[in-house]
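File shown here: model10.cif, holding mmCIF, C-alpha atoms.
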data_coords
loop_
_atom_site.label_atom_id
_atom_site.label_comp_id
_atom_site.auth_asym_id
_atom_site.auth_seq_id
_atom_site.Cartn_x
_atom_site.Cartn_y
_atom_site.Cartn_z
CA MET L 1 -17.12 -10.06 21.01
CA LYS L 2 -17.00 -13.28 19.01
CA PHE L 3 -13.93 -14.59 17.13
CA THR L 4 -14.56 -17.38 14.63
CA GLU L 5 -11.70 -19.39 13.15
CA THR L 6 -12.22 -20.30 9.50
CA ASP L 7 -11.08 -23.21 7.34
CA LEU L 8 -8.03 -21.08 6.49
CA PRO L 9 -5.81 -21.03 9.59
CA GLY L 10 -5.14 -17.46 10.71
CA VAL L 11 -8.13 -15.99 8.87
CA VAL L 12 -10.58 -14.93 11.57
CA ILE L 13 -14.13 -13.53 11.43
CA ILE L 14 -14.87 -11.00 14.16
CA ASP L 15 -18.37 -10.10 15.32
CA PRO L 16 -17.98 -7.17 17.70
CA ASP L 17 -20.38 -6.38 20.51
CA VAL L 18 -22.62 -3.57 19.28
CA HIS L 19 -24.49 -1.55 21.87
CA GLY L 20 -27.40 0.30 20.33
CA ASP L 21 -30.69 1.97 21.03
CA GLU L 22 -32.92 4.61 19.43
CA ARG L 23 -30.07 7.14 19.74
CA GLY L 24 -27.57 5.13 17.68
CA PHE L 25 -24.84 2.63 18.47
CA PHE L 26 -21.40 2.15 19.99
CA LEU L 27 -18.79 -0.55 19.42
CA GLU L 28 -15.09 -1.13 19.82
CA THR L 29 -13.62 -1.61 16.36
CA TYR L 30 -10.28 -2.70 17.84
CA HIS L 31 -9.01 -3.45 21.35
CA ALA L 32 -5.49 -4.94 21.45
CA SER L 33 -5.88 -7.25 24.44
CA LYS L 34 -9.33 -8.52 23.40
CA TYR L 35 -8.12 -9.22 19.87
CA ALA L 36 -5.02 -10.98 21.23
CA GLU L 37 -7.30 -13.19 23.34
CA GLY L 38 -9.21 -13.91 20.12
CA GLY L 39 -6.04 -15.04 18.36
CA ILE L 40 -5.05 -11.79 16.65
CA ASP L 41 -1.93 -10.47 18.35
CA ALA L 42 -0.79 -8.34 15.42
CA VAL L 43 0.71 -4.88 15.74
CA PHE L 44 -0.96 -2.45 13.36
CA VAL L 45 1.05 0.42 11.89
CA GLN L 46 -1.20 1.94 9.21
CA ASP L 47 -4.93 2.55 8.76
CA ASN L 48 -6.51 2.91 5.30
CA HIS L 49 -9.93 4.07 4.14
CA SER L 50 -11.36 3.77 0.63
CA ARG L 51 -14.68 4.51 -1.03
CA SER L 52 -15.77 2.71 -4.18
CA LYS L 53 -18.83 2.48 -6.39
CA GLN L 54 -20.87 -0.64 -7.08
CA GLY L 55 -19.10 -3.15 -9.29
CA ILE L 56 -15.57 -1.99 -8.39
CA LEU L 57 -13.23 -4.87 -7.59
CA ARG L 58 -10.00 -4.12 -5.74
CA GLY L 59 -7.58 -7.03 -5.59
CA LEU L 60 -6.35 -9.61 -5.20
CA HIS L 61 -3.33 -7.92 -3.58
CA LEU L 62 -0.43 -8.75 -1.29
CA GLN L 63 3.05 -7.48 -0.54
CA LEU L 64 6.04 -9.79 -0.82
CA ARG L 65 8.98 -8.38 1.20
CA HIS L 66 6.71 -6.39 3.52
CA PRO L 67 3.76 -8.76 4.06
CA GLN L 68 0.71 -7.14 5.57
CA GLY L 69 -1.85 -8.60 7.89
CA LYS L 70 -5.13 -6.72 7.47
CA LEU L 71 -8.09 -6.18 9.79
CA VAL L 72 -10.89 -5.13 7.43
CA ARG L 73 -14.39 -3.74 7.88
CA VAL L 74 -17.07 -1.85 5.97
CA VAL L 75 -18.41 1.44 7.36
CA GLU L 76 -20.85 2.18 4.51
CA GLY L 77 -22.53 -0.29 2.17
CA GLU L 78 -21.59 -3.90 1.45
CA VAL L 79 -18.73 -5.82 -0.11
CA PHE L 80 -17.93 -9.38 -1.10
CA ASP L 81 -14.57 -9.88 0.63
CA VAL L 82 -12.03 -12.57 -0.27
CA ALA L 83 -8.86 -13.90 1.37
CA VAL L 84 -6.66 -16.40 -0.53
CA ASP L 85 -3.81 -18.47 0.85
CA VAL L 86 -1.00 -17.97 -1.70
CA ARG L 87 1.89 -19.29 0.41
CA ARG L 88 3.78 -21.94 -1.57
CA GLY L 89 3.85 -25.20 0.37
CA SER L 90 0.83 -24.37 2.52
CA PRO L 91 -1.65 -27.24 2.89
CA HIS L 92 -4.31 -24.63 2.02
CA PHE L 93 -2.50 -23.13 -1.00
CA GLY L 94 -4.97 -21.66 -3.51
CA LYS L 95 -7.93 -21.99 -1.14
CA HIS L 96 -10.03 -18.96 -0.39
CA LEU L 97 -12.61 -17.65 2.03
CA ALA L 98 -15.35 -15.39 0.70
CA ILE L 99 -17.59 -13.46 3.08
CA THR L 100 -20.03 -10.57 2.88
CA LEU L 101 -19.04 -7.61 5.03
CA SER L 102 -21.44 -4.73 5.54
CA SER L 103 -21.98 -1.64 7.60
CA ALA L 104 -25.21 -3.22 8.85
CA SER L 105 -23.51 -6.32 10.31
CA PHE L 106 -20.39 -4.59 11.72
CA ARG L 107 -18.55 -7.86 10.98
CA GLN L 108 -14.78 -7.72 10.48
CA LEU L 109 -12.24 -10.07 8.92
CA TYR L 110 -8.60 -10.58 9.79
CA VAL L 111 -6.40 -11.60 6.86
CA PRO L 112 -2.90 -12.64 7.97
CA PRO L 113 0.38 -11.91 6.15
CA GLY L 114 1.01 -14.22 3.20
CA PHE L 115 -2.59 -14.10 2.01
CA ALA L 116 -3.90 -12.20 -0.99
CA HIS L 117 -6.92 -10.00 -0.32
CA GLY L 118 -9.57 -8.32 -2.42
CA PHE L 119 -13.13 -7.09 -2.34
CA LEU L 120 -15.99 -6.35 -4.71
CA VAL L 121 -18.54 -3.63 -3.95
CA THR L 122 -22.06 -5.09 -4.14
CA SER L 123 -24.01 -2.07 -2.81
CA GLU L 124 -24.42 1.30 -4.55
CA ALA L 125 -21.19 2.41 -2.86
CA ALA L 126 -19.01 1.20 -0.02
CA GLN L 127 -16.51 2.69 2.38
CA PHE L 128 -13.90 0.18 3.41
CA GLU L 129 -11.46 0.56 6.31
CA TYR L 130 -8.52 -1.62 7.18
CA LYS L 131 -5.67 -1.71 9.63
CA CYS L 132 -2.32 -3.05 8.33
CA THR L 133 0.60 -4.72 10.11
CA ASP L 134 3.16 -3.17 7.73
CA LEU L 135 3.35 0.03 5.74
CA TYR L 136 2.26 0.17 2.11
CA HIS L 137 5.15 -0.28 -0.32
CA PRO L 138 3.80 0.08 -3.90
CA GLU L 139 6.98 -1.38 -5.42
CA ASP L 140 6.46 -4.53 -3.31
CA GLU L 141 2.81 -5.13 -4.21
CA LEU L 142 1.70 -8.11 -6.24
CA SER L 143 -1.68 -8.48 -7.93
CA ILE L 144 -3.21 -11.89 -8.60
CA ALA L 145 -5.91 -12.25 -11.25
CA TRP L 146 -9.32 -12.00 -9.63
CA ASN L 147 -10.71 -14.51 -12.14
CA ASP L 148 -7.89 -17.07 -11.98
CA PRO L 149 -9.60 -20.40 -12.79
CA GLN L 150 -7.38 -22.16 -10.25
CA LEU L 151 -8.98 -20.09 -7.47
CA ALA L 152 -12.57 -20.69 -8.66
CA ILE L 153 -13.95 -17.71 -6.74
CA SER L 154 -17.68 -17.22 -7.36
CA TRP L 155 -17.76 -13.43 -7.55
CA PRO L 156 -21.35 -12.06 -7.40
CA ILE L 157 -20.75 -9.67 -10.33
CA ALA L 158 -19.48 -11.33 -13.53
CA ALA L 159 -17.82 -8.28 -15.10
CA PRO L 160 -16.47 -6.00 -12.37
CA SER L 161 -14.67 -2.72 -12.98
CA LEU L 162 -10.89 -3.03 -12.46
CA SER L 163 -7.90 -0.74 -12.21
CA GLY L 164 -5.20 -1.04 -14.86
CA LYS L 165 -3.01 -2.82 -12.31
CA ASP L 166 -5.69 -5.40 -11.59
CA GLU L 167 -6.49 -5.88 -15.29
CA ALA L 168 -2.82 -6.79 -15.83
CA ALA L 169 -2.68 -9.19 -12.85
CA LYS L 170 -1.28 -12.68 -13.43
CA THR L 171 -2.51 -16.09 -12.32
CA LEU L 172 -1.09 -18.10 -9.44
CA ALA L 173 0.60 -20.43 -11.94
CA GLU L 174 2.33 -17.49 -13.62
CA LEU L 175 3.51 -16.12 -10.25
CA MET L 176 4.57 -19.38 -8.62
CA ASP L 177 8.27 -18.45 -8.46
CA VAL L 178 7.66 -15.21 -6.55
CA LEU L 179 4.86 -16.14 -4.15
CA PRO L 180 5.68 -16.25 -0.42
CA VAL L 181 6.74 -19.55 1.13
CA PHE L 182 4.69 -21.21 3.85
CA GLU L 183 6.49 -21.38 7.20
CA ASP L 184 4.96 -23.96 9.48
CA ALA L 185 4.86 -22.60 13.04
CA ALA L 186 5.36 -26.17 14.32
CA ASP L 187 8.92 -26.26 12.91
#

As structure tokens, the full file:
Amino acid sequence: MKFTETDLPGVVIIDPDVHGDERGFFLETYHASKYAEGGIDAVFVQDNHSRSKQGILRGLHLQLRHPQGKLVRVVEGEVFDVAVDVRRGSPHFGKHLAITLSSASFRQLYVPPGFAHGFLVTSEAAQFEYKCTDLYHPEDELSIAWNDPQLAISWPIAAPSLSGKDEAAKTLAELMDVLPVFEDAAD
């Protein structure tokens, strides 16, 4: 199992060991002690599974009072996955990581609390699974505009299909007063 730190501290790419032959494959999609050794010592309390058609964009989402870390993976198809540091005062504020996740690669991404997350389905359909470090609280969710010019995310589909909630999402500048505050672990 390989854990790769990214330019966004706390955001980790995971390449699990996949054991396969002509009969199929086997892999561990989560193992607490191995993930802790790889820098992810989160406690997960909820698993989610969604299926979406090509061109659907879900995000960019986060929860404010109940921040969620997310361990995400694709079990069917392919997505363009994005994590954005939206913690006010962070040296990486407004920076993002974009990565392709697919059922063929088995690759996972860990997005820590305080980051916004979203994905765009680039295959005909995709099934997306993620483990969360806190329960879902719809009244606590915040949506950030997927096309915020300040973020400059190069989405591979120019006009994705959005939910009403995501169509109404605001920019980072409009949400500055409510975004989470960066807490430096060195303090």

Checklist line | Exercise: Leu97 (chain L) partners within 9 Å, all atoms listed in the file, chain neighbours under 3 positions left out, as a ChimeraX atom specification | finding: /L:6-8,11,81-85,153

Notebook entry, point to check: Which neighbours of region 60-72 of chain L fall inside 6 Å, counting all atoms listed in the file, when residues of the same chain fewer than 2 positions from it are skipped, and could you give them as a list in words?
Noted result: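 My list of contacting residues is Gln108, Leu109, Tyr110, Val111, Pro112, Pro113, Ala116, His117, Gly118, Glu129, Tyr130, Lys131, Cys132, Thr133, Asp134, Asp140, Glu141, Leu142, Ser143, Ile144 and Trp146 of chain L.
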
Item checked: For CA of Leu172 (chain L) and CA of Phe115 (chain L), the interatomic separation in Å (one decimal) ->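 Answer for the CA of Leu172 (chain L) to CA of Phe115 (chain L) separation: 12.2 Å.
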
Checklist line | Protein and nucleic acid residues near (-11.6, 2.4, -1.6) (cut-off 12 Å, only C-alpha atoms) as a list in words | finding: Asn48, His49, Ser50, Arg51, Ser52, Lys53, Gln54, Ile56, Leu57, Arg58, Gly59, Val72, Arg73, Val74, Val75, Glu76, Gly77, Val79, Gly118, Phe119, Leu120, Val121, Ala125, Ala126, Gln127, Phe128, Glu129, Tyr130 and Ser163 of chain L

Margin query: With the PyMOL selection byres ((chain L and resi 16) around 10) as the selection, what would be picked from this file? Answer as a PyMOL selection string, please.
Written below: chain L and resi 1-3+13-15+17-19+27-30+105-108
